[in-house]
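J.: Structure supplied as structure13.txt; contents: compact mmCIF, C-alpha atoms.
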# COMPACT_ATOMS: atom_id res chain seq x y z
CA MET A 18 42.75 42.66 40.01
CA LEU A 19 39.85 40.26 40.17
CA ASN A 20 38.67 41.78 43.44
CA SER A 21 38.60 45.30 42.04
CA SER A 22 36.49 44.12 39.09
CA LEU A 23 34.17 42.33 41.48
CA VAL A 24 33.66 45.48 43.52
CA TYR A 25 33.13 47.42 40.28
CA LEU A 26 30.46 44.93 39.19
CA ILE A 27 28.55 45.11 42.46
CA SER A 28 28.75 48.90 42.72
CA VAL A 29 27.62 49.49 39.13
CA ILE A 30 24.57 47.29 39.62
CA PHE A 31 23.85 48.84 42.98
CA ILE A 32 24.09 52.39 41.59
CA THR A 33 21.62 51.42 38.88
CA TYR A 34 19.29 50.04 41.54
CA ILE A 35 19.53 53.17 43.70
CA SER A 36 19.02 55.46 40.70
CA PHE A 37 15.63 53.93 40.07
CA GLU A 38 14.60 54.66 43.67
CA LEU A 39 12.70 51.44 44.30
CA LYS A 40 10.57 51.98 41.21
CA THR A 41 12.07 48.91 39.58
CA SER A 42 8.67 47.21 39.37
CA SER A 43 7.57 49.76 36.78
CA LEU A 44 10.51 48.87 34.52
CA SER A 45 9.43 47.47 31.16
CA PRO A 46 11.13 44.23 30.04
CA ILE A 47 12.84 46.06 27.17
CA THR A 48 14.40 48.61 29.55
CA TRP A 49 15.35 45.79 31.91
CA VAL A 50 17.26 43.89 29.21
CA THR A 51 18.88 46.96 27.64
CA LEU A 52 20.06 48.25 31.00
CA PHE A 53 21.45 44.83 31.81
CA TRP A 54 23.47 44.70 28.61
CA ILE A 55 24.83 48.23 29.05
CA ILE A 56 25.99 47.26 32.54
CA GLN A 57 27.51 44.10 31.04
CA LEU A 58 29.41 46.17 28.49
CA PHE A 59 30.97 48.36 31.18
CA ILE A 60 31.84 45.44 33.45
CA GLN A 61 33.43 43.47 30.62
CA VAL A 62 35.49 46.40 29.37
CA ASN A 63 36.69 46.86 32.95
CA VAL A 64 37.60 43.18 33.40
CA VAL A 65 39.29 42.73 30.04
CA SER A 66 41.22 46.01 30.09
CA ASN A 67 43.00 44.75 33.20
CA SER A 68 44.24 41.64 31.44
CA PHE A 69 47.35 43.11 29.81
CA LYS A 70 48.40 45.88 32.12
CA SER A 71 48.93 43.77 35.22
CA GLU A 72 52.46 42.62 34.51
CA SER A 73 55.54 44.67 35.34
CA ARG A 74 58.43 45.21 32.96
CA ASP A 75 60.48 42.34 34.38
CA GLN A 76 57.51 40.03 34.22
CA TYR A 77 57.00 40.99 30.59
CA HIS A 78 60.61 40.12 29.73
CA TYR A 79 60.29 36.83 31.56
CA LEU A 80 57.13 35.91 29.64
CA PHE A 81 58.64 37.16 26.40
CA HIS A 82 61.49 34.68 26.60
CA LEU A 83 59.50 31.87 28.16
CA CYS A 84 56.82 31.25 25.54
CA SER A 85 55.60 32.21 22.10
CA PRO A 86 53.17 35.14 21.62
CA GLN A 87 50.45 32.78 20.42
CA GLU A 88 50.64 30.80 23.66
CA ILE A 89 50.34 34.01 25.68
CA PHE A 90 47.37 35.15 23.66
CA VAL A 91 45.49 31.87 23.89
CA SER A 92 46.07 31.62 27.63
CA ARG A 93 44.98 35.23 28.24
CA LEU A 94 41.91 34.72 26.08
CA THR A 95 40.95 31.52 27.91
CA LEU A 96 41.38 33.22 31.28
CA ASN A 97 39.32 36.21 30.13
CA LEU A 98 36.57 33.96 28.80
CA LEU A 99 36.37 32.10 32.11
CA ILE A 100 36.31 35.28 34.19
CA VAL A 101 33.89 37.20 31.99
CA ASN A 102 31.44 34.34 31.64
CA SER A 103 31.37 33.67 35.37
CA PHE A 104 31.08 37.41 36.02
CA SER A 105 28.15 37.70 33.65
CA ILE A 106 26.29 34.89 35.42
CA LEU A 107 27.11 36.46 38.79
CA SER A 108 25.93 39.88 37.62
CA LEU A 109 22.72 38.34 36.26
CA ILE A 110 22.06 36.87 39.70
CA ILE A 111 22.74 40.15 41.55
CA TYR A 112 20.81 42.11 38.93
CA THR A 113 17.71 39.92 39.26
CA VAL A 114 17.92 40.08 43.05
CA VAL A 115 17.89 43.89 43.22
CA MET A 116 16.06 44.86 40.03
CA GLY A 117 13.47 42.09 39.98
CA SER A 118 13.13 39.63 37.13
CA VAL A 119 11.11 39.60 33.96
CA SER A 120 8.72 36.75 33.46
CA THR A 121 9.81 34.36 30.76
CA SER A 122 9.35 30.67 30.23
CA ASN A 123 12.65 30.13 28.46
CA GLN A 124 15.36 31.16 30.88
CA TYR A 125 17.85 28.86 29.16
CA GLN A 126 17.50 30.79 25.93
CA PHE A 127 18.29 34.01 27.80
CA LEU A 128 21.27 32.35 29.47
CA ILE A 129 22.62 31.03 26.16
CA SER A 130 22.35 34.45 24.54
CA LEU A 131 24.08 35.98 27.58
CA LEU A 132 26.98 33.50 27.43
CA LEU A 133 27.36 33.68 23.65
CA GLY A 134 27.22 37.47 23.76
CA SER A 135 29.81 37.70 26.52
CA THR A 136 32.05 35.28 24.63
CA SER A 137 31.96 37.27 21.42
CA LEU A 138 32.47 40.53 23.34
CA THR A 139 35.47 39.11 25.18
CA CYS A 140 37.12 37.76 22.03
CA THR A 141 37.06 41.23 20.47
CA LEU A 142 37.89 43.15 23.65
CA THR A 143 40.93 40.98 24.45
CA MET A 144 42.64 42.08 21.25
CA VAL A 145 41.58 45.70 21.74
CA SER A 146 43.00 45.73 25.27
CA ALA A 147 46.24 44.23 23.97
CA ILE A 148 46.43 47.10 21.46
CA ALA A 149 45.57 49.68 24.12
CA SER A 150 48.13 48.25 26.56
CA ARG A 151 50.87 49.55 24.26
CA THR A 152 49.79 53.16 24.85
CA SER A 153 50.27 55.35 27.90
CA ASN A 154 46.65 55.54 29.15
CA ASN A 155 45.25 52.17 28.32
CA SER A 156 42.00 51.92 30.30
CA THR A 157 40.46 54.97 28.59
CA LEU A 158 41.67 53.85 25.20
CA THR A 159 40.22 50.35 25.62
CA ALA A 160 36.79 51.96 25.93
CA VAL A 161 37.33 54.39 23.05
CA LEU A 162 38.63 51.71 20.68
CA GLY A 163 36.41 48.94 21.99
CA PHE A 164 32.91 50.41 22.15
CA PRO A 165 32.39 50.93 18.42
CA ILE A 166 34.03 47.62 17.53
CA VAL A 167 31.90 45.52 19.88
CA SER A 168 28.64 47.15 18.82
CA PRO A 169 27.72 44.37 16.33
CA SER A 170 28.07 41.77 19.12
CA ILE A 171 26.05 43.92 21.54
CA LEU A 172 23.28 44.41 18.98
CA MET A 173 23.09 40.68 18.29
CA SER A 174 23.06 39.76 22.00
CA LEU A 175 20.32 42.32 22.64
CA LYS A 176 18.21 40.92 19.86
CA ALA A 177 18.69 37.34 21.05
CA SER A 178 17.80 38.40 24.62
CA PHE A 179 14.67 40.21 23.41
CA ASN A 180 13.65 37.06 21.55
CA ALA A 181 14.16 35.10 24.76
CA ILE A 182 11.99 37.33 26.95
CA ASP A 183 9.34 37.48 24.23
CA ASP A 184 8.93 33.69 24.62
CA LEU A 185 9.83 33.09 21.00
CA ASP A 186 10.93 29.74 19.66
CA TRP A 187 14.63 28.79 19.62
CA SER A 188 14.69 28.76 15.83
CA VAL A 189 13.94 32.51 15.72
CA SER A 190 17.32 33.34 17.27
CA TYR A 191 19.46 30.94 15.21
CA ASP A 192 20.56 33.81 12.95
CA GLU A 193 21.75 35.86 15.94
CA TYR A 194 23.59 32.90 17.50
CA LEU A 195 25.26 32.18 14.18
CA VAL A 196 26.41 35.81 13.81
CA MET A 197 27.74 35.89 17.38
CA ILE A 198 29.67 32.64 16.89
CA SER A 199 31.10 33.74 13.55
CA LEU A 200 32.08 37.16 14.97
CA SER A 201 33.97 35.36 17.75
CA ILE A 202 35.70 33.05 15.27
CA ILE A 203 36.70 35.99 13.04
CA SER A 204 38.16 37.98 15.92
CA ILE A 205 39.94 34.98 17.48
CA SER A 206 41.61 34.01 14.22
CA LEU A 207 42.57 37.59 13.35
CA SER A 208 43.97 38.18 16.85
CA TYR A 209 45.89 34.92 16.72
CA ILE A 210 47.62 36.06 13.53
CA LEU A 211 48.14 39.69 14.57
CA PHE A 212 49.01 39.34 18.26
CA PRO A 213 52.76 38.63 17.68
CA TYR A 214 53.11 42.09 16.07
CA ILE A 215 51.76 43.74 19.22
CA TRP A 216 53.66 41.57 21.67
CA LYS A 217 57.19 42.11 20.34
CA SER A 218 58.86 45.39 21.14
CA MET B 8 51.85 66.67 -16.16
CA ASN B 9 53.01 63.36 -17.51
CA ILE B 10 50.21 61.99 -19.70
CA ALA B 11 51.51 58.43 -19.67
CA LYS B 12 51.49 58.38 -15.86
CA ASP B 13 48.65 60.72 -15.00
CA TRP B 14 46.08 59.75 -17.65
CA TRP B 15 43.70 58.54 -14.94
CA LYS B 16 43.48 62.01 -13.41
CA ILE B 17 42.24 63.41 -16.73
CA LEU B 18 39.87 60.45 -17.01
CA CYS B 19 38.56 61.16 -13.50
CA LEU B 20 37.89 64.84 -14.30
CA LEU B 21 36.17 63.96 -17.57
CA ILE B 22 33.99 61.28 -15.97
CA LEU B 23 32.93 63.53 -13.09
CA LEU B 24 32.14 66.45 -15.45
CA ILE B 25 29.99 64.18 -17.59
CA VAL B 26 28.34 62.62 -14.51
CA PHE B 27 27.42 66.00 -13.02
CA ALA B 28 26.09 67.28 -16.35
CA VAL B 29 24.22 64.17 -17.46
CA GLY B 30 23.13 63.25 -13.92
CA PHE B 31 21.06 66.39 -13.61
CA LEU B 32 19.77 66.52 -17.19
CA ILE B 33 18.94 62.92 -18.05
CA GLU B 34 15.34 61.70 -18.21
CA VAL B 35 14.64 59.61 -15.06
CA PRO B 36 11.75 57.23 -14.36
CA ARG B 37 9.05 58.90 -12.25
CA LEU B 38 8.63 56.66 -9.24
CA HIS B 39 6.20 57.25 -6.41
CA ILE B 40 7.63 59.34 -3.50
CA ILE B 41 11.21 59.31 -4.83
CA ASN B 42 10.45 61.35 -7.98
CA GLU B 43 13.44 63.48 -8.96
CA GLY B 44 15.26 62.35 -5.83
CA ILE B 45 16.34 59.23 -7.68
CA ARG B 46 19.13 61.35 -9.15
CA ASN B 47 20.79 61.11 -5.74
CA THR B 48 21.68 57.53 -6.71
CA PHE B 49 24.46 58.99 -8.85
CA PHE B 50 26.04 60.77 -5.88
CA HIS B 51 25.03 58.85 -2.73
CA VAL B 52 25.86 55.31 -3.85
CA PRO B 53 29.35 56.05 -5.27
CA MET B 54 30.40 57.60 -1.93
CA TRP B 55 30.13 54.22 -0.20
CA PHE B 56 31.95 52.42 -3.00
CA ALA B 57 34.74 54.99 -2.83
CA MET B 58 34.87 54.78 0.98
CA LEU B 59 35.14 50.99 0.92
CA ILE B 60 37.84 51.03 -1.76
CA LEU B 61 39.83 53.69 0.15
CA PHE B 62 39.59 51.77 3.43
CA GLY B 63 40.62 48.68 1.44
CA ILE B 64 43.71 50.48 0.13
CA SER B 65 44.48 51.61 3.68
CA VAL B 66 44.26 48.03 5.00
CA PHE B 67 46.36 46.81 2.08
CA TYR B 68 49.17 49.17 3.10
CA SER B 69 48.76 48.19 6.77
CA ILE B 70 49.31 44.53 5.85
CA LYS B 71 52.25 45.56 3.68
CA TYR B 72 53.69 47.50 6.63
CA LEU B 73 53.49 44.45 8.91
CA ASN B 74 55.27 42.39 6.25
CA SER B 75 58.06 44.89 5.68
CA PRO B 76 58.18 47.95 7.97
CA ASN B 77 58.53 51.08 5.87
CA GLU B 78 57.44 54.56 6.94
CA LEU B 79 55.81 55.26 3.57
CA TYR B 80 53.32 52.39 4.01
CA SER B 81 52.26 53.74 7.39
CA ILE B 82 51.70 57.23 5.96
CA LYS B 83 49.69 55.77 3.06
CA ALA B 84 47.53 53.68 5.42
CA GLY B 85 46.75 56.75 7.53
CA GLU B 86 46.05 59.18 4.70
CA TYR B 87 43.85 56.86 2.64
CA ALA B 88 41.83 56.09 5.78
CA LYS B 89 41.37 59.86 6.29
CA VAL B 90 40.04 60.32 2.76
CA GLY B 91 37.84 57.25 3.33
CA ILE B 92 36.31 58.96 6.36
CA LEU B 93 35.68 62.08 4.25
CA PHE B 94 33.76 60.01 1.70
CA GLY B 95 31.90 58.22 4.49
CA VAL B 96 30.77 61.53 6.00
CA LEU B 97 29.69 62.77 2.55
CA GLY B 98 27.79 59.51 2.05
CA LEU B 99 26.02 59.99 5.38
CA LEU B 100 25.13 63.62 4.54
CA THR B 101 23.78 62.84 1.07
CA GLY B 102 21.93 59.89 2.57
CA MET B 103 20.41 62.09 5.29
CA MET B 104 19.16 64.61 2.74
CA TRP B 105 17.65 61.78 0.74
CA ALA B 106 16.12 60.19 3.84
CA ARG B 107 14.48 63.52 4.82
CA TYR B 108 12.50 63.64 1.56
CA THR B 109 11.68 59.95 1.12
CA TRP B 110 11.47 58.45 4.63
CA GLY B 111 10.46 61.66 6.42
CA GLU B 112 13.33 62.11 8.88
CA TYR B 113 17.01 62.98 8.60
CA TRP B 114 17.81 60.10 10.92
CA SER B 115 15.33 57.24 10.74
CA GLY B 116 17.23 54.70 12.83
CA ASP B 117 17.78 52.56 9.77
CA PRO B 118 20.29 49.75 10.48
CA LYS B 119 22.46 50.78 7.56
CA GLN B 120 22.54 54.39 8.79
CA ASN B 121 23.45 53.28 12.30
CA GLY B 122 25.97 50.77 10.98
CA SER B 123 27.81 53.31 8.87
CA ALA B 124 27.82 55.86 11.70
CA ILE B 125 29.41 53.26 14.00
CA GLY B 126 31.81 52.30 11.21
CA LEU B 127 32.98 55.90 10.97
CA LEU B 128 33.39 55.98 14.76
CA ILE B 129 35.66 52.91 14.51
CA TYR B 130 37.86 54.73 12.03
CA MET B 131 37.89 57.90 14.13
CA ALA B 132 39.12 55.73 17.02
CA TYR B 133 41.89 54.62 14.65
CA PHE B 134 43.13 58.21 14.53
CA VAL B 135 42.80 58.55 18.30
CA LEU B 136 45.10 55.51 18.53
CA ARG B 137 47.55 56.98 16.01
CA GLY B 138 47.72 60.14 18.10
CA ALA B 139 48.09 58.33 21.42
CA ILE B 140 51.49 56.74 20.74
CA ASN B 141 54.53 58.98 20.55
CA GLU B 142 57.08 56.49 19.31
CA GLU B 143 56.94 56.55 15.50
CA GLU B 144 57.71 52.92 14.77
CA LEU B 145 55.51 51.49 17.52
CA MET B 146 52.62 53.75 16.43
CA ALA B 147 52.88 52.51 12.85
CA ARG B 148 52.87 48.84 13.90
CA ILE B 149 50.09 49.02 16.49
CA SER B 150 47.84 51.16 14.30
CA ALA B 151 48.38 48.77 11.38
CA VAL B 152 47.12 45.92 13.56
CA TYR B 153 44.10 47.97 14.68
CA ASN B 154 43.36 48.98 11.09
CA ILE B 155 43.10 45.34 9.98
CA PHE B 156 40.92 44.62 12.99
CA ALA B 157 38.70 47.65 12.30
CA PHE B 158 38.20 46.74 8.64
CA SER B 159 37.18 43.21 9.57
CA SER B 160 34.46 44.52 11.88
CA LEU B 161 33.33 47.20 9.41
CA ILE B 162 32.26 44.61 6.85
CA PRO B 163 29.70 42.77 9.05
CA LEU B 164 28.50 46.10 10.45
CA MET B 165 27.69 47.67 7.08
CA TYR B 166 27.06 44.77 4.75
CA ILE B 167 25.89 41.74 6.77
CA LEU B 168 23.90 42.93 9.81
CA PRO B 169 21.57 45.29 7.86
CA ARG B 170 20.57 42.36 5.67
CA LEU B 171 19.45 40.38 8.73
CA THR B 172 17.12 43.09 10.02
CA ASP B 173 14.36 45.22 8.57
CA SER B 174 15.93 48.05 6.70
CA LEU B 175 14.43 50.93 4.80
CA HIS B 176 17.21 50.64 2.25
CA PRO B 177 16.54 48.83 -0.99
CA GLY B 178 17.94 45.31 -1.20
CA SER B 179 17.88 44.47 2.52
CA GLY B 180 15.41 43.05 5.00
CA GLY B 181 13.06 41.78 2.34
CA ASN B 182 12.89 45.15 0.60
CA GLN B 183 13.18 45.05 -3.11
CA ASN B 184 16.46 45.70 -4.75
CA PHE B 185 16.76 48.59 -7.19
CA ALA B 186 17.53 46.12 -9.95
CA MET B 187 14.32 44.27 -9.14
CA ILE B 188 11.98 47.27 -9.27
CA ASP B 189 12.82 49.43 -12.19
CA PHE B 190 16.43 50.07 -12.62
CA ASP B 191 16.38 51.88 -15.88
CA ASN B 192 19.37 51.13 -18.04
CA ASN B 193 19.90 54.88 -18.41
CA LEU B 194 20.48 55.11 -14.65
CA ARG B 195 23.11 52.40 -14.85
CA LEU B 196 24.85 54.27 -17.65
CA VAL B 197 25.40 57.19 -15.27
CA LEU B 198 25.82 55.26 -11.99
CA TYR B 199 28.68 52.98 -13.03
CA PRO B 200 30.90 55.73 -14.49
CA SER B 201 30.08 57.84 -11.43
CA ILE B 202 31.33 55.08 -9.12
CA ILE B 203 34.58 54.82 -11.07
CA GLY B 204 34.93 58.62 -11.15
CA PHE B 205 34.51 59.10 -7.42
CA ILE B 206 36.89 56.19 -6.62
CA LEU B 207 39.53 57.80 -8.86
CA LEU B 208 38.91 61.16 -7.16
CA GLY B 209 39.41 59.58 -3.75
CA ILE B 210 42.66 57.92 -4.81
CA TRP B 211 43.82 61.23 -6.26
CA ILE B 212 43.11 63.14 -3.03
CA GLY B 213 44.81 60.38 -1.04
CA ASP B 214 47.85 60.51 -3.33
CA LEU B 215 48.16 64.28 -2.83
CA ARG B 216 47.80 63.95 0.96
CA VAL B 217 50.52 61.28 1.06
CA ARG B 218 52.87 63.58 -0.83
CA ILE B 219 52.11 66.51 1.50
CA GLU B 220 52.76 64.31 4.53
CA GLN B 221 56.02 63.01 3.04
CA ASN B 222 57.21 66.55 2.38
CA LYS B 223 56.30 67.58 5.93
CA ASN B 224 58.37 64.71 7.33
CA MET B 225 61.27 65.62 5.06
CA LEU B 226 61.13 69.27 6.19
CA GLU B 227 61.11 68.17 9.82
CA GLU B 228 64.17 65.99 9.28
CA LEU B 229 65.95 68.86 7.50
CA SER B 230 65.24 71.37 10.25
CA GLN B 231 66.40 68.88 12.84
CA SER B 232 69.66 68.17 11.03
CA GLU B 233 70.33 71.91 10.77
CA LEU B 234 70.01 72.31 14.53
Can the structure from this file be put into structure tokens for me?

T.:
Amino acid sequence: MLNSSLVYLISVIFITYISFELKTSSLSPITWVTLFWIIQLFIQVNVVSNSFKSESRDQYHYLFHLCSPQEIFVSRLTLNLLIVNSFSILSLIIYTVVMGSVSTSNQYQFLISLLLGSTSLTCTLTMVSAIASRTSNNSTLTAVLGFPIVSPSILMSLKASFNAIDDLDWSVSYDEYLVMISLSIISISLSYILFPYIWKS
Amino acid sequence: MNIAKDWWKILCLLILLIVFAVGFLIEVPRLHIINEGIRNTFFHVPMWFAMLILFGISVFYSIKYLNSPNELYSIKAGEYAKVGILFGVLGLLTGMMWARYTWGEYWSGDPKQNGSAIGLLIYMAYFVLRGAINEEELMARISAVYNIFAFSSLIPLMYILPRLTDSLHPGSGGNQNFAMIDFDNNLRLVLYPSIIGFILLGIWIGDLRVRIEQNKNMLEELSQSEL
């Protein structure tokens, strides 16, 4: 599963690179960042939508009797967070290699907004993929249900990233960071309460 | 009609009649650019109040369903959300008309406009989900969970994020609130009843839709038992 997502990541970035036909140097920083986040969105939906469909029926029964739903949810969420955050750093590296980088003096600010954004996206998408896994065609439905719901997180991450490449002070983005963190906390706590209703069947 | 039980339907009709009559006839303050358009306050603002209340009712029944599974709660959650979407679309349309004559464009990329459009998309996805599961009981449970989740992301989208950014709407992004500029007490006298009237209308429509849906289900069961 991880390998397929990895191939997906590389091919999406490579297709973007080819589509621009070596004219990447004429890309404005705003286009660069927006494109990067759209690619992020697709990669993360792909990674997270795999998280609940991988187990077979027998495996599901085994897990069902072995541990409580909350334990399952927390472990899946932790795994997703680890994978998505490492994937986002990896995709940033590949993206800068092929698409060129934008000049900024505060790379750390960009990195923080990337990690916080991916975290808040993953927290929401994990629950959405759990919901979608109960239907017959779950990968399409994860996108349909997930895209509108994650839009606040995407907007906030975009704004924080724009602040970073505009060389603005850290204090300018505190609002965005705060919103991203609180969105993650809201969706984690809601999912923690609601997940048992999805898990039992 | 049972007066003791249905008094609020009469109240709703009376309020809306008065609002439509007085709303168009009353003397309004002449403000720059808005001019007569300020009358749209009586019709645009209540739509969003009604939508929020209807989505609230829908979430209330979803929580109730998770506590004690009952088919009626699931039907109520679905139907009230449908009426909520209707009011949301009407709110967007009245807002677009208003935006054309005050801000210059039907769609000005205002964060509140975008937020409410995305909010409606979230609720349309709710109906996609309801249609995607065939098993009745599973559908009711899963969609109840999604409904709670959707409502919790609707609130930041429509009421918190626009306040953080520059918005053309009054009361957000450093813009002045209506109450701060010149909110004539006459306007309030029409606006508040109008809000109550449209909320009652929404609940009424939702109530009727629930009864239609219940009857449909009953007919289906009857025809199946005859076979």

J.: Extract, using only C-alpha atoms, all DNA, RNA and protein residues at most 9 Å from region 213-222 of chain B, discarding same-chain residues fewer than 5 positions from it, and format them as JSON, numbers by chain.

T.: {"B": [61, 79, 82, 83, 85, 86, 87, 88, 89, 90, 91, 208, 227]}

J.: Quick one: write out the picked residues with C-alpha atoms as a CSV table (one decimal), keeping the file's coordinate frame?

T.:
chain,number,residue,atom,x,y,z
B,61,LEU,CA,39.8,53.7,0.2
B,79,LEU,CA,55.8,55.3,3.6
B,82,ILE,CA,51.7,57.2,6.0
B,83,LYS,CA,49.7,55.8,3.1
B,85,GLY,CA,46.8,56.8,7.5
B,86,GLU,CA,46.0,59.2,4.7
B,87,TYR,CA,43.8,56.9,2.6
B,88,ALA,CA,41.8,56.1,5.8
B,89,LYS,CA,41.4,59.9,6.3
B,90,VAL,CA,40.0,60.3,2.8
B,91,GLY,CA,37.8,57.2,3.3
B,208,LEU,CA,38.9,61.2,-7.2
B,227,GLU,CA,61.1,68.2,9.8

J.: Check the smallest atom-to-atom distance from each of B:Tyr68, B:Phe50, B:Tyr166, B:Trp211 to Leu99 (chain B) using only C-alpha atoms, then report the winner.

T.: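 Counting only C-alpha atoms, the residue closest to Leu99 (chain B) is B:Phe50.
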
J.: Any idea what the distance is between CA of Val65 (chain A) and CA of Met18 (chain A)?

T.: 10.6 Å

J.: One decimal, in Å: what's the spacing between CA of Val91 (chain A) and CA of Leu73 (chain B)?

T.: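 Between these atoms lies a distance of 21.1 Å.
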
J.: Which residues, protein or nucleic acid, reach to within 7 Å of (38.8, 45.4, 25.2) in the file's coordinates when using only C-alpha atoms, and can you give that as an MDAnalysis selection string?

T.: chainID A and resid 62 65:66 141:146 159:160 163

J.: Hey, what's within 12 Å of Leu185 (chain A) if we count all atoms listed in the file and toss same-chain stuff fewer than 5 positions away? As a PyMOL selection string, please?

T.: chain A and resi 121-124+126-127+176-180+190-191

J.: If you keep C-alpha atoms, can you produce a file of those selected residues as a PDB file, keeping the file's coordinate frame?

T.:
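selection.pdb was written with the following content:
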ATOM      1  CA  THR A 121       9.810  34.360  30.760  1.00  0.00           C
ATOM      2  CA  SER A 122       9.350  30.670  30.230  1.00  0.00           C
ATOM      3  CA  ASN A 123      12.650  30.130  28.460  1.00  0.00           C
ATOM      4  CA  GLN A 124      15.360  31.160  30.880  1.00  0.00           C
ATOM      5  CA  GLN A 126      17.500  30.790  25.930  1.00  0.00           C
ATOM      6  CA  PHE A 127      18.290  34.010  27.800  1.00  0.00           C
ATOM      7  CA  LYS A 176      18.210  40.920  19.860  1.00  0.00           C
ATOM      8  CA  ALA A 177      18.690  37.340  21.050  1.00  0.00           C
ATOM      9  CA  SER A 178      17.800  38.400  24.620  1.00  0.00           C
ATOM     10  CA  PHE A 179      14.670  40.210  23.410  1.00  0.00           C
ATOM     11  CA  ASN A 180      13.650  37.060  21.550  1.00  0.00           C
ATOM     12  CA  SER A 190      17.320  33.340  17.270  1.00  0.00           C
ATOM     13  CA  TYR A 191      19.460  30.940  15.210  1.00  0.00           C
TER      14      TYR A 191
END

J.: Find the spatial neighbours of Ser204 (chain A), counting all atoms listed in the file, within a cut-off of 12 Å - ignore same-chain residues fewer than 2 positions away - and output them as a PyMOL selection string.

T.: (chain A and resi 94+136-145+166-167+170+197-202+206-212) or (chain B and resi 153+155-160+163)

J.: Which chain A residues have any atom within 8 Å of an atom of chain B, and for each, what is the nearest pair of atoms with distance in Å to one decimal, counting only C-alpha atoms, rows sorted by chain and number, as JSON lines?

T.:
{"residue": "A:Val145", "atom": "CA", "partner": "B:Tyr153", "partner_atom": "CA", "distance": 7.8}
{"residue": "A:Ile148", "atom": "CA", "partner": "B:Ile149", "partner_atom": "CA", "distance": 6.5}
{"residue": "A:Arg151", "atom": "CA", "partner": "B:Ile149", "partner_atom": "CA", "distance": 7.8}
{"residue": "A:Thr152", "atom": "CA", "partner": "B:Ile140", "partner_atom": "CA", "distance": 5.7}
{"residue": "A:Ser153", "atom": "CA", "partner": "B:Ile140", "partner_atom": "CA", "distance": 7.4}
{"residue": "A:Leu158", "atom": "CA", "partner": "B:Leu136", "partner_atom": "CA", "distance": 7.7}
{"residue": "A:Val161", "atom": "CA", "partner": "B:Ala132", "partner_atom": "CA", "distance": 6.4}
{"residue": "A:Leu162", "atom": "CA", "partner": "B:Ala132", "partner_atom": "CA", "distance": 5.5}
{"residue": "A:Pro165", "atom": "CA", "partner": "B:Ile129", "partner_atom": "CA", "distance": 5.5}
{"residue": "A:Ile166", "atom": "CA", "partner": "B:Ile129", "partner_atom": "CA", "distance": 6.3}
{"residue": "A:Ser168", "atom": "CA", "partner": "B:Ile125", "partner_atom": "CA", "distance": 7.8}
{"residue": "A:Pro169", "atom": "CA", "partner": "B:Leu164", "partner_atom": "CA", "distance": 6.2}
{"residue": "A:Asp192", "atom": "CA", "partner": "B:Leu171", "partner_atom": "CA", "distance": 7.9}
{"residue": "A:Ser204", "atom": "CA", "partner": "B:Phe156", "partner_atom": "CA", "distance": 7.8}
{"residue": "A:Leu207", "atom": "CA", "partner": "B:Phe156", "partner_atom": "CA", "distance": 7.2}
{"residue": "A:Leu211", "atom": "CA", "partner": "B:Val152", "partner_atom": "CA", "distance": 6.4}
{"residue": "A:Tyr214", "atom": "CA", "partner": "B:Arg148", "partner_atom": "CA", "distance": 7.1}
{"residue": "A:Ile215", "atom": "CA", "partner": "B:Ile149", "partner_atom": "CA", "distance": 6.2}
{"residue": "A:Ser218", "atom": "CA", "partner": "B:Leu145", "partner_atom": "CA", "distance": 7.8}

J.: Can you pull out the residues contacting Leu59 (chain B)? Cut-off 10 Å, using all atoms listed in the file, and skip same-chain residues under 3 positions away; I want them as an MDAnalysis selection string.

T.: chainID B and resid 53:56 62:65 88 91:92 94:95 158 161:162 206

J.: If I put a ball of radius 9 Å at (24.3, 49.4, 36.6) in the file's coordinates, which residues poke into it when counting all atoms listed in the file, written as JSON, numbers by chain?

T.: {"A": [26, 27, 28, 29, 30, 31, 32, 33, 34, 52, 53, 55, 56, 57, 59, 112]}

J.: Just to confirm, what's the straight-line distance from CA of Leu195 (chain A) to CA of Ala181 (chain A) in Å (one decimal)?

T.: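 Computed distance, CA of Leu195 (chain A) to CA of Ala181 (chain A), equals 15.6 Å.
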
J.: Got a sec: who's within 12 Å of Met104 (chain B), counting all atoms listed in the file, leaving out chain neighbours fewer than 5 positions off, as a list in words?

T.: Gly44, Asn47, Phe50, His51, Leu97, Gly98, Leu99, Thr109, Trp110, Gly111, Glu112, Tyr113, Trp114 and Ser115 of chain B

J.: Which residue gives the smallest distance to Lys71 (chain B) among B:Leu32, B:Ala147, B:Phe27, B:Ile41, with all atoms listed in the file counted?

T.: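 Among the listed residues, the smallest separation from Lys71 (chain B) belongs to B:Ala147.
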